[in-house]
2 protein chains.
Amino acid sequence: MAQTPDTLIGAIEAGGTKFVCAVGTGPGDRMLARASFPTGDRPAELLATVADWLKEQEGRYGRLRALGIASFGPVDLQPGSSTYGFITSTPKPGWQSTDLVGRLRAAFADIPIGFDTDVNGAALGEHAWGSASGLSDFVYITIGTGIGAGAMVGGELLHGLVHPEMGHMLLPRAPGDDFPGICPYHGGCWEGLCSGPALHRRTGVPSEDLLPDHPAWGLATRYIAAAIANITCILSPQRVILGGGVPKGGRLGEDRFFQQVREKLQAALNGYITAPALGPDIDRYLVPPLLGDHAGVCGAIALGQKAAREE
Amino acid sequence: MAQTPDTLIGAIEAGGTKFVCAVGTGPGDRMLARASFPTGDRPAELLATVADWLKEQEGRYGRLRALGIASFGPVDLQPGSSTYGFITSTPKPGWQSTDLVGRLRAAFADIPIGFDTDVNGAALGEHAWGSASGLSDFVYITIGTGIGAGAMVGGELLHGLVHPEMGHMLLPRAPGDDFPGICPYHGGCWEGLCSGPALHRRTGVPSEDLLPDHPAWGLATRYIAAAIANITCILSPQRVILGGGVPKGGRLGEDRFFQQVREKLQAALNGYITAPALGPDIDRYLVPPLLGDHAGVCGAIALGQKAAREE
């Protein structure tokens with residue numbers, strides 16, 4: 001991706017708990033200002049606060065060239081749609097049918113606004129400055145409160161009919177595992193079995209406190225490996241980036257968590273697809289995000305840069 | 001896709017049982033000549049025969065502008081690779097490490113050669129003249145001797161690290177189904193449970209002779225629906241095209257087979273992804289290929305046209 005260091009972007013990572021906002025041209029030192037606001041249940045007020053904060057930074061650092069918004073969903077991404085730029089059918093109180101892009105366009109009428117899912121934003125951030133630098137085909141997965149994923153295929157973010165909902169894929173059960181899963185739609189889909197809340201429900205303990213020898217780690221890494229095997233069979237990515245709270249591995253630790261998932265992924269594929277990335281180079285196939293917890297807001301900067309380039 | 005009716009293409013559908021060759025500019029009347037040769041176990045001889053046949057047609061219909069080859073696999077599609085254009089590690093006797101593209105380039109040195117998997121070829125054919133006309137994101141699946149799939153994402157064929165191997169995704173077991181599956185790598189992956197040979201092994205009867213009320217149809221449509229639910233969650237296609245022998249539904253019939261898969265697909269997704277294509281328009285989401293058994297060789301014509309355009 002061509003980097004455009006002179007292009008000052010207003011970035012919004014719209015999350016279900018907080019909105020992280022930034023002004024800058026990239027990660028690290030290139031992020032000039034950063035602020036966080038609780039999401040709450042009054043979108044109109046929050047979005048006015050966010051717009052005011054961005055205007056204030058504009059007074060300090062110079063004119064913004066574009067906005068980038070990476071949002072929790074479901075969102076409408078169809079350019080021609082009458083609800084383009086909306087958060088649509090979310091269960092989050094107050095946020096149903098919120099015109100996210102429209103409310104910010106009212107304050108920033110003259111600049112382009114890039115808008116995508118939080119996970120597509122994070123994928124774009126990892127592509128610009130992180131673990132997916134130089135790749136054309138990869139997947140960014142986050143496992144936390146839910147399981148979401150964004151994908152790049154042939155150098156472009158994958159959108160398709162709506163957007164991927166990889167967290168809801170169906171997986172084979174581990175023998176003897178009769179935990180029903182917590183997804184209200186699918187019970188034991190991937191998210192229903194492996195999200196942070198699913199592990200908490202299964203064990204009675206938050207995943208960050210789970211001891212290294214707790215059998216739930218064995219199940220979680222098995223299901224995550226099966227899901228990544230399916231993503232490998234369906235999307236044939238060059239790399240899979242696995243972020244969010246659960247892959248930090250609690251007291252097991254990130255390194256051991258990743259090692260277990262990599263071993264089980266290779267066992268699940270069983271050598272059928274022959275490529276170095278799935279053999280000796282597996283440590284570079286499945287990796288944590290380089291931007292870590294900043295992937296989201298950096299992704300929003302990258303979405304703004306993309307909008308500026310495409311204007 | 002821009003159609004190029006003046007561009008005469010030599011097309012080769014390289015299958016495990018037979019090679020179907022054609023000269024033409026498209027399907028139907030636009031296919032000027034067509035011939036079929038058994039694959040056998042002597043690639044050098046067969047490819048010389050194929051080249052001779054194409055030269056003969058060139059004498060009759062005019063100079064070929066490009067060749068298109070849609071091949072059984074695994075194949076090497078990496079442009080820079082030393083084995084680009086090869087059939088690589090196939091168990092098919094005589095065909096390991098066959099330089100398919102190289103042997104044809106020896107006979108047709110001056111024209112471009114488009115080369116891809118059989119299923120990517122069929123996908124491109126359905127995009128040019130069939131069930132995927134006008135779409136940018138769709139999947140073409142064939143369920144026969146094996147299960148394979150090709151995908152278009154954002155208007156381009158998906159390749160990624162190697163190429164998709166969707167037939168090998170892992171699926172949840174139906175309660176009480178203890179059939180071990182026949183995949184030598186994964187046992188009961190999708191292909192291990194649902195290919196034609198898997199249904200034959202499960203029932204003792206070829207799928208084309210299976211009676212409408214045989215319980216194997218219930219299992220097959222359930223697993224196929226689960227696999228398409230996973231493809232829907234991961235790729236978010238605008239349409240899924242389902243071809244090959246098994247979806248003809250034997251004595252159950254194609255219409256009832258598709259109806260069962262559609263119902264079970266909607267049950268598996270359970271309304272989570274809201275889009276007309278997955279609701280009232282499901283009959284247009286999951287469809288048979290319009291080119292039917294000609295998808296492969298038409299796809300090879302489309303691959304040749306693409307190579308001619310990109311030259």
# chains A, B, ... in the order shown; residues from 1 in each chain; ligands from 1

$ interface_residues --of "chain A" --to "chain B" --cutoff "9 Å" --atoms "only C-alpha atoms" --output "mmCIF file with N, CA and C atoms, in the first residue's frame"
data_model
loop_
_atom_site.group_PDB
_atom_site.id
_atom_site.type_symbol
_atom_site.label_atom_id
_atom_site.label_comp_id
_atom_site.auth_asym_id
_atom_site.auth_seq_id
_atom_site.Cartn_x
_atom_site.Cartn_y
_atom_site.Cartn_z
ATOM 1 N N PRO A 74 -23.935 -5.047 13.033
ATOM 2 C CA PRO A 74 -23.837 -5.021 11.573
ATOM 3 C C PRO A 74 -23.973 -3.610 11.001
ATOM 4 N N SER A 136 -1.116 -9.949 -0.408
ATOM 5 C CA SER A 136 -2.337 -9.641 -1.164
ATOM 6 C C SER A 136 -3.539 -10.421 -0.634
ATOM 7 N N ASP A 137 -3.274 -11.529 0.065
ATOM 8 C CA ASP A 137 -4.359 -12.414 0.515
ATOM 9 C C ASP A 137 -4.104 -12.826 1.964
ATOM 10 N N PHE A 138 -4.906 -12.309 2.880
ATOM 11 C CA PHE A 138 -4.741 -12.714 4.283
ATOM 12 C C PHE A 138 -6.048 -12.490 5.024
ATOM 13 N N ALA A 149 -13.907 -11.379 11.705
ATOM 14 C CA ALA A 149 -12.753 -11.471 10.820
ATOM 15 C C ALA A 149 -12.936 -10.570 9.610
ATOM 16 N N ALA A 151 -11.007 -9.870 5.686
ATOM 17 C CA ALA A 151 -10.121 -10.566 4.754
ATOM 18 C C ALA A 151 -9.736 -9.653 3.611
ATOM 19 N N VAL A 153 -8.399 -10.103 -0.319
ATOM 20 C CA VAL A 153 -8.258 -11.083 -1.402
ATOM 21 C C VAL A 153 -7.787 -10.337 -2.649
ATOM 22 N N GLY A 154 -6.674 -10.756 -3.206
ATOM 23 C CA GLY A 154 -6.163 -10.104 -4.411
ATOM 24 C C GLY A 154 -5.898 -8.622 -4.191
ATOM 25 N N GLU A 156 -7.536 -6.507 -2.281
ATOM 26 C CA GLU A 156 -8.700 -5.685 -1.916
ATOM 27 C C GLU A 156 -9.433 -6.315 -0.736
ATOM 28 N N LEU A 157 -10.020 -5.474 0.124
ATOM 29 C CA LEU A 157 -10.831 -6.001 1.217
ATOM 30 C C LEU A 157 -12.026 -6.758 0.659
ATOM 31 N N LEU A 158 -12.312 -7.905 1.256
ATOM 32 C CA LEU A 158 -13.449 -8.718 0.815
ATOM 33 C C LEU A 158 -14.751 -8.147 1.407
ATOM 34 N N HIS A 159 -15.715 -7.871 0.557
ATOM 35 C CA HIS A 159 -17.029 -7.458 1.041
ATOM 36 C C HIS A 159 -18.107 -8.464 0.637
ATOM 37 N N GLY A 160 -18.274 -8.676 -0.671
ATOM 38 C CA GLY A 160 -19.273 -9.633 -1.133
ATOM 39 C C GLY A 160 -20.689 -9.167 -0.871
ATOM 40 N N LEU A 161 -21.553 -10.131 -0.600
ATOM 41 C CA LEU A 161 -22.991 -9.864 -0.434
ATOM 42 C C LEU A 161 -23.246 -8.902 0.712
ATOM 43 N N VAL A 162 -22.650 -9.150 1.860
ATOM 44 C CA VAL A 162 -22.841 -8.302 3.043
ATOM 45 C C VAL A 162 -21.433 -8.015 3.576
ATOM 46 N N HIS A 163 -20.939 -8.842 4.430
ATOM 47 C CA HIS A 163 -19.530 -8.912 4.809
ATOM 48 C C HIS A 163 -19.357 -10.240 5.507
ATOM 49 N N PRO A 164 -18.124 -10.743 5.599
ATOM 50 C CA PRO A 164 -17.953 -12.052 6.231
ATOM 51 C C PRO A 164 -18.468 -12.048 7.673
ATOM 52 N N GLU A 165 -18.916 -13.185 8.102
ATOM 53 C CA GLU A 165 -19.328 -13.413 9.501
ATOM 54 C C GLU A 165 -18.689 -14.725 9.937
ATOM 55 N N MET A 166 -17.339 -14.745 9.849
ATOM 56 C CA MET A 166 -16.630 -16.013 10.024
ATOM 57 C C MET A 166 -16.846 -16.622 11.395
ATOM 58 N N GLY A 167 -17.117 -15.787 12.406
ATOM 59 C CA GLY A 167 -17.336 -16.293 13.753
ATOM 60 C C GLY A 167 -18.499 -17.259 13.860
ATOM 61 N N HIS A 168 -19.363 -17.264 12.835
ATOM 62 C CA HIS A 168 -20.551 -18.115 12.919
ATOM 63 C C HIS A 168 -20.442 -19.388 12.091
ATOM 64 N N MET A 169 -19.235 -19.737 11.668
ATOM 65 C CA MET A 169 -19.104 -21.016 10.948
ATOM 66 C C MET A 169 -19.367 -22.184 11.890
ATOM 67 N N LEU A 170 -19.764 -23.296 11.298
ATOM 68 C CA LEU A 170 -20.097 -24.511 12.042
ATOM 69 C C LEU A 170 -18.889 -25.439 12.073
ATOM 70 N N LEU A 171 -18.644 -26.056 13.226
ATOM 71 C CA LEU A 171 -17.422 -26.863 13.425
ATOM 72 C C LEU A 171 -17.763 -28.239 13.973
ATOM 73 N N PRO A 172 -16.902 -29.221 13.701
ATOM 74 C CA PRO A 172 -17.109 -30.533 14.318
ATOM 75 C C PRO A 172 -16.850 -30.463 15.826
ATOM 76 N N ARG A 173 -17.655 -31.170 16.592
ATOM 77 C CA ARG A 173 -17.487 -31.205 18.035
ATOM 78 C C ARG A 173 -16.325 -32.100 18.450
ATOM 79 N N TYR A 185 -28.057 -17.549 18.026
ATOM 80 C CA TYR A 185 -28.539 -17.993 16.713
ATOM 81 C C TYR A 185 -28.162 -19.439 16.413
ATOM 82 N N HIS A 186 -26.942 -19.834 16.799
ATOM 83 C CA HIS A 186 -26.427 -21.130 16.345
ATOM 84 C C HIS A 186 -25.934 -22.030 17.476
ATOM 85 N N ALA A 226 -9.485 -25.803 14.038
ATOM 86 C CA ALA A 226 -10.435 -26.324 13.035
ATOM 87 C C ALA A 226 -11.001 -25.179 12.198
ATOM 88 N N ALA A 227 -11.321 -24.069 12.862
ATOM 89 C CA ALA A 227 -11.871 -22.920 12.135
ATOM 90 C C ALA A 227 -10.839 -22.357 11.162
ATOM 91 N N ALA A 229 -8.401 -24.053 9.842
ATOM 92 C CA ALA A 229 -8.300 -25.042 8.758
ATOM 93 C C ALA A 229 -9.380 -24.774 7.717
ATOM 94 N N ASN A 230 -10.610 -24.496 8.158
ATOM 95 C CA ASN A 230 -11.689 -24.213 7.199
ATOM 96 C C ASN A 230 -11.424 -22.924 6.426
ATOM 97 N N ILE A 231 -10.945 -21.890 7.114
ATOM 98 C CA ILE A 231 -10.611 -20.638 6.428
ATOM 99 C C ILE A 231 -9.506 -20.897 5.399
ATOM 100 N N THR A 232 -8.546 -21.746 5.766
ATOM 101 C CA THR A 232 -7.449 -22.101 4.855
ATOM 102 C C THR A 232 -7.989 -22.816 3.612
ATOM 103 N N CYS A 233 -8.918 -23.758 3.809
ATOM 104 C CA CYS A 233 -9.508 -24.490 2.678
ATOM 105 C C CYS A 233 -10.362 -23.588 1.793
ATOM 106 N N ILE A 234 -11.029 -22.603 2.377
ATOM 107 C CA ILE A 234 -12.000 -21.812 1.610
ATOM 108 C C ILE A 234 -11.355 -20.577 0.993
ATOM 109 N N LEU A 235 -10.465 -19.890 1.731
ATOM 110 C CA LEU A 235 -9.912 -18.614 1.248
ATOM 111 C C LEU A 235 -8.476 -18.720 0.762
ATOM 112 N N SER A 236 -7.774 -19.784 1.117
ATOM 113 C CA SER A 236 -6.380 -19.953 0.733
ATOM 114 C C SER A 236 -5.544 -18.698 1.006
ATOM 115 N N PRO A 237 -5.560 -18.199 2.262
ATOM 116 C CA PRO A 237 -4.792 -16.983 2.557
ATOM 117 C C PRO A 237 -3.291 -17.259 2.615
ATOM 118 N N GLN A 238 -2.496 -16.205 2.439
ATOM 119 C CA GLN A 238 -1.047 -16.330 2.602
ATOM 120 C C GLN A 238 -0.656 -16.282 4.080
ATOM 121 N N ARG A 239 -1.527 -15.706 4.904
ATOM 122 C CA ARG A 239 -1.235 -15.583 6.339
ATOM 123 C C ARG A 239 -2.546 -15.389 7.096
ATOM 124 N N ALA A 268 -5.036 -30.968 11.708
ATOM 125 C CA ALA A 268 -6.344 -30.956 11.036
ATOM 126 C C ALA A 268 -6.169 -31.009 9.515
ATOM 127 N N LEU A 269 -5.218 -30.258 8.971
ATOM 128 C CA LEU A 269 -5.010 -30.264 7.512
ATOM 129 C C LEU A 269 -4.316 -31.559 7.075
ATOM 130 N N ASN A 270 -3.504 -32.125 7.956
ATOM 131 C CA ASN A 270 -2.875 -33.433 7.738
ATOM 132 C C ASN A 270 -2.077 -33.514 6.428
ATOM 133 N N GLY A 271 -1.411 -32.423 6.067
ATOM 134 C CA GLY A 271 -0.514 -32.452 4.917
ATOM 135 C C GLY A 271 -1.188 -32.431 3.565
ATOM 136 N N TYR A 272 -2.493 -32.245 3.512
ATOM 137 C CA TYR A 272 -3.182 -32.324 2.221
ATOM 138 C C TYR A 272 -2.784 -31.175 1.287
ATOM 139 N N ILE A 273 -2.714 -29.978 1.833
ATOM 140 C CA ILE A 273 -2.311 -28.827 1.019
ATOM 141 C C ILE A 273 -0.810 -28.631 1.216
ATOM 142 N N THR A 274 -0.035 -28.801 0.135
ATOM 143 C CA THR A 274 1.416 -28.724 0.281
ATOM 144 C C THR A 274 1.881 -27.311 -0.043
ATOM 145 N N ALA A 275 2.347 -26.622 0.977
ATOM 146 C CA ALA A 275 2.913 -25.277 0.824
ATOM 147 C C ALA A 275 3.794 -25.053 2.038
ATOM 148 N N ALA A 277 4.177 -22.540 3.804
ATOM 149 C CA ALA A 277 3.472 -21.787 4.844
ATOM 150 C C ALA A 277 2.691 -22.702 5.781
#

$ select_by_dssp --residues "segment 18-229 of chain A" --states "alpha helix (DSSP H)" --output "mmCIF file with N, CA and C atoms, in the first residue's frame"
data_model
loop_
_atom_site.group_PDB
_atom_site.id
_atom_site.type_symbol
_atom_site.label_atom_id
_atom_site.label_comp_id
_atom_site.auth_asym_id
_atom_site.auth_seq_id
_atom_site.Cartn_x
_atom_site.Cartn_y
_atom_site.Cartn_z
ATOM 1 N N PRO A 43 -26.308 7.834 20.697
ATOM 2 C CA PRO A 43 -25.398 8.037 19.560
ATOM 3 C C PRO A 43 -25.311 9.492 19.110
ATOM 4 N N ALA A 44 -26.417 10.220 19.101
ATOM 5 C CA ALA A 44 -26.384 11.599 18.587
ATOM 6 C C ALA A 44 -25.415 12.444 19.419
ATOM 7 N N GLU A 45 -25.543 12.333 20.742
ATOM 8 C CA GLU A 45 -24.644 13.097 21.620
ATOM 9 C C GLU A 45 -23.188 12.683 21.446
ATOM 10 N N LEU A 46 -22.958 11.354 21.424
ATOM 11 C CA LEU A 46 -21.584 10.871 21.311
ATOM 12 C C LEU A 46 -20.953 11.343 19.995
ATOM 13 N N LEU A 47 -21.714 11.250 18.906
ATOM 14 C CA LEU A 47 -21.134 11.606 17.607
ATOM 15 C C LEU A 47 -20.877 13.106 17.514
ATOM 16 N N ALA A 48 -21.687 13.910 18.209
ATOM 17 C CA ALA A 48 -21.416 15.355 18.266
ATOM 18 C C ALA A 48 -20.118 15.601 19.045
ATOM 19 N N THR A 49 -19.934 14.889 20.151
ATOM 20 C CA THR A 49 -18.695 15.003 20.945
ATOM 21 C C THR A 49 -17.477 14.614 20.107
ATOM 22 N N VAL A 50 -17.616 13.507 19.367
ATOM 23 C CA VAL A 50 -16.514 13.038 18.530
ATOM 24 C C VAL A 50 -16.173 14.083 17.462
ATOM 25 N N ALA A 51 -17.208 14.636 16.819
ATOM 26 C CA ALA A 51 -16.975 15.644 15.768
ATOM 27 C C ALA A 51 -16.280 16.874 16.376
ATOM 28 N N ASP A 52 -16.735 17.298 17.555
ATOM 29 C CA ASP A 52 -16.112 18.455 18.216
ATOM 30 C C ASP A 52 -14.638 18.182 18.510
ATOM 31 N N TRP A 53 -14.360 17.000 19.011
ATOM 32 C CA TRP A 53 -12.969 16.650 19.333
ATOM 33 C C TRP A 53 -12.101 16.680 18.074
ATOM 34 N N LEU A 54 -12.648 16.131 16.972
ATOM 35 C CA LEU A 54 -11.877 16.125 15.716
ATOM 36 C C LEU A 54 -11.636 17.550 15.219
ATOM 37 N N LYS A 55 -12.663 18.416 15.321
ATOM 38 C CA LYS A 55 -12.512 19.824 14.901
ATOM 39 C C LYS A 55 -11.431 20.521 15.729
ATOM 40 N N GLU A 56 -11.428 20.209 17.032
ATOM 41 C CA GLU A 56 -10.439 20.790 17.933
ATOM 42 C C GLU A 56 -9.009 20.404 17.498
ATOM 43 N N GLN A 57 -8.844 19.121 17.138
ATOM 44 C CA GLN A 57 -7.520 18.665 16.698
ATOM 45 C C GLN A 57 -7.144 19.325 15.370
ATOM 46 N N GLU A 58 -8.164 19.547 14.537
ATOM 47 C CA GLU A 58 -7.931 20.199 13.249
ATOM 48 C C GLU A 58 -7.359 21.608 13.483
ATOM 49 N N GLY A 59 -7.915 22.302 14.505
ATOM 50 C CA GLY A 59 -7.400 23.635 14.856
ATOM 51 C C GLY A 59 -5.938 23.556 15.294
ATOM 52 N N ARG A 60 -5.575 22.442 15.902
ATOM 53 C CA ARG A 60 -4.227 22.301 16.445
ATOM 54 C C ARG A 60 -3.205 21.810 15.413
ATOM 55 N N TYR A 61 -3.619 20.789 14.591
ATOM 56 C CA TYR A 61 -2.647 20.110 13.729
ATOM 57 C C TYR A 61 -2.814 20.398 12.238
ATOM 58 N N LEU A 100 -24.190 6.626 11.138
ATOM 59 C CA LEU A 100 -22.844 6.978 11.598
ATOM 60 C C LEU A 100 -22.157 7.912 10.604
ATOM 61 N N VAL A 101 -22.103 7.506 9.342
ATOM 62 C CA VAL A 101 -21.412 8.306 8.328
ATOM 63 C C VAL A 101 -22.132 9.645 8.129
ATOM 64 N N GLY A 102 -23.452 9.620 8.061
ATOM 65 C CA GLY A 102 -24.229 10.848 7.813
ATOM 66 C C GLY A 102 -24.005 11.895 8.891
ATOM 67 N N ARG A 103 -24.000 11.457 10.150
ATOM 68 C CA ARG A 103 -23.824 12.413 11.246
ATOM 69 C C ARG A 103 -22.424 13.043 11.222
ATOM 70 N N LEU A 104 -21.435 12.279 10.777
ATOM 71 C CA LEU A 104 -20.092 12.865 10.707
ATOM 72 C C LEU A 104 -19.933 13.700 9.449
ATOM 73 N N ARG A 105 -20.635 13.319 8.387
ATOM 74 C CA ARG A 105 -20.569 14.125 7.167
ATOM 75 C C ARG A 105 -21.168 15.508 7.404
ATOM 76 N N ALA A 106 -22.155 15.583 8.297
ATOM 77 C CA ALA A 106 -22.759 16.889 8.608
ATOM 78 C C ALA A 106 -21.692 17.849 9.150
ATOM 79 N N ALA A 107 -20.734 17.291 9.915
ATOM 80 C CA ALA A 107 -19.679 18.139 10.476
ATOM 81 C C ALA A 107 -18.482 18.288 9.537
ATOM 82 N N ASP A 118 -15.160 -2.943 11.702
ATOM 83 C CA ASP A 118 -13.995 -2.837 12.585
ATOM 84 C C ASP A 118 -12.895 -3.818 12.166
ATOM 85 N N VAL A 119 -13.299 -5.039 11.812
ATOM 86 C CA VAL A 119 -12.288 -6.053 11.460
ATOM 87 C C VAL A 119 -11.667 -5.797 10.088
ATOM 88 N N ASN A 120 -12.437 -5.284 9.119
ATOM 89 C CA ASN A 120 -11.823 -4.914 7.848
ATOM 90 C C ASN A 120 -10.869 -3.743 8.059
ATOM 91 N N GLY A 121 -11.252 -2.800 8.920
ATOM 92 C CA GLY A 121 -10.354 -1.705 9.248
ATOM 93 C C GLY A 121 -9.051 -2.233 9.843
ATOM 94 N N ALA A 122 -9.161 -3.118 10.824
ATOM 95 C CA ALA A 122 -7.956 -3.667 11.457
ATOM 96 C C ALA A 122 -7.104 -4.420 10.437
ATOM 97 N N ALA A 123 -7.768 -5.152 9.528
ATOM 98 C CA ALA A 123 -7.021 -5.859 8.484
ATOM 99 C C ALA A 123 -6.234 -4.858 7.640
ATOM 100 N N LEU A 124 -6.873 -3.755 7.275
ATOM 101 C CA LEU A 124 -6.203 -2.751 6.450
ATOM 102 C C LEU A 124 -5.040 -2.108 7.211
ATOM 103 N N GLY A 125 -5.221 -1.886 8.520
ATOM 104 C CA GLY A 125 -4.131 -1.357 9.344
ATOM 105 C C GLY A 125 -2.950 -2.322 9.397
ATOM 106 N N GLU A 126 -3.229 -3.610 9.594
ATOM 107 C CA GLU A 126 -2.145 -4.611 9.611
ATOM 108 C C GLU A 126 -1.466 -4.702 8.244
ATOM 109 N N HIS A 127 -2.230 -4.447 7.179
ATOM 110 C CA HIS A 127 -1.651 -4.461 5.836
ATOM 111 C C HIS A 127 -0.736 -3.255 5.626
ATOM 112 N N ALA A 128 -1.156 -2.102 6.128
ATOM 113 C CA ALA A 128 -0.372 -0.877 5.936
ATOM 114 C C ALA A 128 0.888 -0.869 6.800
ATOM 115 N N TRP A 129 0.760 -1.327 8.048
ATOM 116 C CA TRP A 129 1.870 -1.132 8.989
ATOM 117 C C TRP A 129 2.165 -2.330 9.878
ATOM 118 N N TRP A 190 -18.608 -21.427 15.971
ATOM 119 C CA TRP A 190 -17.265 -21.086 16.467
ATOM 120 C C TRP A 190 -17.345 -20.080 17.617
ATOM 121 N N GLU A 191 -18.057 -18.964 17.392
ATOM 122 C CA GLU A 191 -18.196 -17.943 18.435
ATOM 123 C C GLU A 191 -18.904 -18.488 19.671
ATOM 124 N N GLY A 192 -19.911 -19.333 19.434
ATOM 125 C CA GLY A 192 -20.661 -19.910 20.549
ATOM 126 C C GLY A 192 -19.804 -20.811 21.424
ATOM 127 N N LEU A 193 -18.754 -21.381 20.838
ATOM 128 C CA LEU A 193 -17.876 -22.292 21.576
ATOM 129 C C LEU A 193 -16.626 -21.618 22.139
ATOM 130 N N CYS A 194 -16.118 -20.577 21.472
ATOM 131 C CA CYS A 194 -14.747 -20.104 21.730
ATOM 132 C C CYS A 194 -14.584 -18.634 22.056
ATOM 133 N N GLY A 196 -14.603 -15.157 24.278
ATOM 134 C CA GLY A 196 -14.278 -14.962 25.695
ATOM 135 C C GLY A 196 -15.449 -15.336 26.595
ATOM 136 N N PRO A 197 -16.655 -14.785 26.349
ATOM 137 C CA PRO A 197 -17.804 -15.141 27.193
ATOM 138 C C PRO A 197 -18.136 -16.639 27.158
ATOM 139 N N ALA A 198 -17.901 -17.312 26.007
ATOM 140 C CA ALA A 198 -18.171 -18.752 25.935
ATOM 141 C C ALA A 198 -17.211 -19.517 26.850
ATOM 142 N N LEU A 199 -15.940 -19.116 26.836
ATOM 143 C CA LEU A 199 -14.965 -19.789 27.712
ATOM 144 C C LEU A 199 -15.291 -19.515 29.186
ATOM 145 N N HIS A 200 -15.717 -18.286 29.460
ATOM 146 C CA HIS A 200 -16.096 -17.927 30.824
ATOM 147 C C HIS A 200 -17.279 -18.782 31.293
ATOM 148 N N ARG A 201 -18.307 -18.894 30.428
ATOM 149 C CA ARG A 201 -19.485 -19.697 30.769
ATOM 150 C C ARG A 201 -19.102 -21.167 30.968
ATOM 151 N N ARG A 202 -18.187 -21.631 30.126
ATOM 152 C CA ARG A 202 -17.790 -23.037 30.178
ATOM 153 C C ARG A 202 -17.022 -23.371 31.471
ATOM 154 N N THR A 203 -16.206 -22.410 31.930
ATOM 155 C CA THR A 203 -15.275 -22.713 33.031
ATOM 156 C C THR A 203 -15.622 -21.997 34.333
ATOM 157 N N PRO A 215 -8.375 -27.798 31.062
ATOM 158 C CA PRO A 215 -8.715 -28.473 29.801
ATOM 159 C C PRO A 215 -9.442 -27.570 28.796
ATOM 160 N N ALA A 216 -9.995 -26.447 29.237
ATOM 161 C CA ALA A 216 -10.665 -25.543 28.290
ATOM 162 C C ALA A 216 -9.692 -24.996 27.246
ATOM 163 N N TRP A 217 -8.410 -24.845 27.612
ATOM 164 C CA TRP A 217 -7.433 -24.388 26.604
ATOM 165 C C TRP A 217 -7.298 -25.422 25.485
ATOM 166 N N GLY A 218 -7.295 -26.700 25.867
ATOM 167 C CA GLY A 218 -7.203 -27.753 24.855
ATOM 168 C C GLY A 218 -8.374 -27.704 23.895
ATOM 169 N N LEU A 219 -9.574 -27.489 24.426
ATOM 170 C CA LEU A 219 -10.757 -27.403 23.563
ATOM 171 C C LEU A 219 -10.718 -26.148 22.703
ATOM 172 N N ALA A 220 -10.398 -25.001 23.341
ATOM 173 C CA ALA A 220 -10.410 -23.735 22.594
ATOM 174 C C ALA A 220 -9.402 -23.786 21.451
ATOM 175 N N THR A 221 -8.189 -24.257 21.726
ATOM 176 C CA THR A 221 -7.178 -24.272 20.658
ATOM 177 C C THR A 221 -7.568 -25.284 19.577
ATOM 178 N N ARG A 222 -8.242 -26.366 19.961
ATOM 179 C CA ARG A 222 -8.704 -27.339 18.967
ATOM 180 C C ARG A 222 -9.750 -26.722 18.032
ATOM 181 N N TYR A 223 -10.742 -26.024 18.613
ATOM 182 C CA TYR A 223 -11.797 -25.432 17.780
ATOM 183 C C TYR A 223 -11.238 -24.292 16.931
ATOM 184 N N ILE A 224 -10.346 -23.493 17.503
ATOM 185 C CA ILE A 224 -9.763 -22.384 16.736
ATOM 186 C C ILE A 224 -8.936 -22.941 15.570
ATOM 187 N N ALA A 225 -8.211 -24.030 15.815
ATOM 188 C CA ALA A 225 -7.430 -24.666 14.745
ATOM 189 C C ALA A 225 -8.364 -25.201 13.641
ATOM 190 N N ALA A 226 -9.485 -25.803 14.038
ATOM 191 C CA ALA A 226 -10.435 -26.324 13.035
ATOM 192 C C ALA A 226 -11.001 -25.179 12.198
ATOM 193 N N ALA A 227 -11.321 -24.069 12.862
ATOM 194 C CA ALA A 227 -11.871 -22.920 12.135
ATOM 195 C C ALA A 227 -10.839 -22.357 11.162
ATOM 196 N N ILE A 228 -9.586 -22.276 11.594
ATOM 197 C CA ILE A 228 -8.540 -21.753 10.710
ATOM 198 C C ILE A 228 -8.262 -22.754 9.582
ATOM 199 N N ALA A 229 -8.401 -24.053 9.842
ATOM 200 C CA ALA A 229 -8.300 -25.042 8.758
ATOM 201 C C ALA A 229 -9.380 -24.774 7.717
#

$ closest_residue --among "A:Leu252, A:Val205, A:Leu242, A:Leu210" --to "Ile141 of chain A" --atoms "only C-alpha atoms"
A:Leu242

$ closest_residue --among "A:Gly144, A:Gly296, A:Gly16, A:Pro180" --to "Gly245 of chain A" --atoms "only C-alpha atoms"
A:Gly144

$ select_by_dssp --residues "segment 81-126 of chain B" --states "strand (DSSP E or B)" --output "PyMOL selection string"
chain B and resi 86-87+98-99+113-117

$ decode --residues "segment 190-201 of chain B" --atoms "C-alpha atoms" --output "mmCIF file, in the first residue's frame"
data_model
loop_
_atom_site.group_PDB
_atom_site.id
_atom_site.type_symbol
_atom_site.label_atom_id
_atom_site.label_comp_id
_atom_site.auth_asym_id
_atom_site.auth_seq_id
_atom_site.Cartn_x
_atom_site.Cartn_y
_atom_site.Cartn_z
ATOM 1 C CA TRP B 190 -17.054 -32.553 3.449
ATOM 2 C CA GLU B 191 -15.691 -34.600 0.543
ATOM 3 C CA GLY B 192 -15.195 -37.624 2.775
ATOM 4 C CA LEU B 193 -18.878 -37.517 3.728
ATOM 5 C CA CYS B 194 -20.643 -36.282 0.579
ATOM 6 C CA SER B 195 -18.768 -37.002 -2.650
ATOM 7 C CA GLY B 196 -20.368 -39.481 -5.064
ATOM 8 C CA PRO B 197 -18.018 -42.294 -3.942
ATOM 9 C CA ALA B 198 -18.734 -41.452 -0.266
ATOM 10 C CA LEU B 199 -22.492 -41.796 -0.837
ATOM 11 C CA HIS B 200 -21.890 -45.019 -2.767
ATOM 12 C CA ARG B 201 -19.765 -46.432 0.061
#
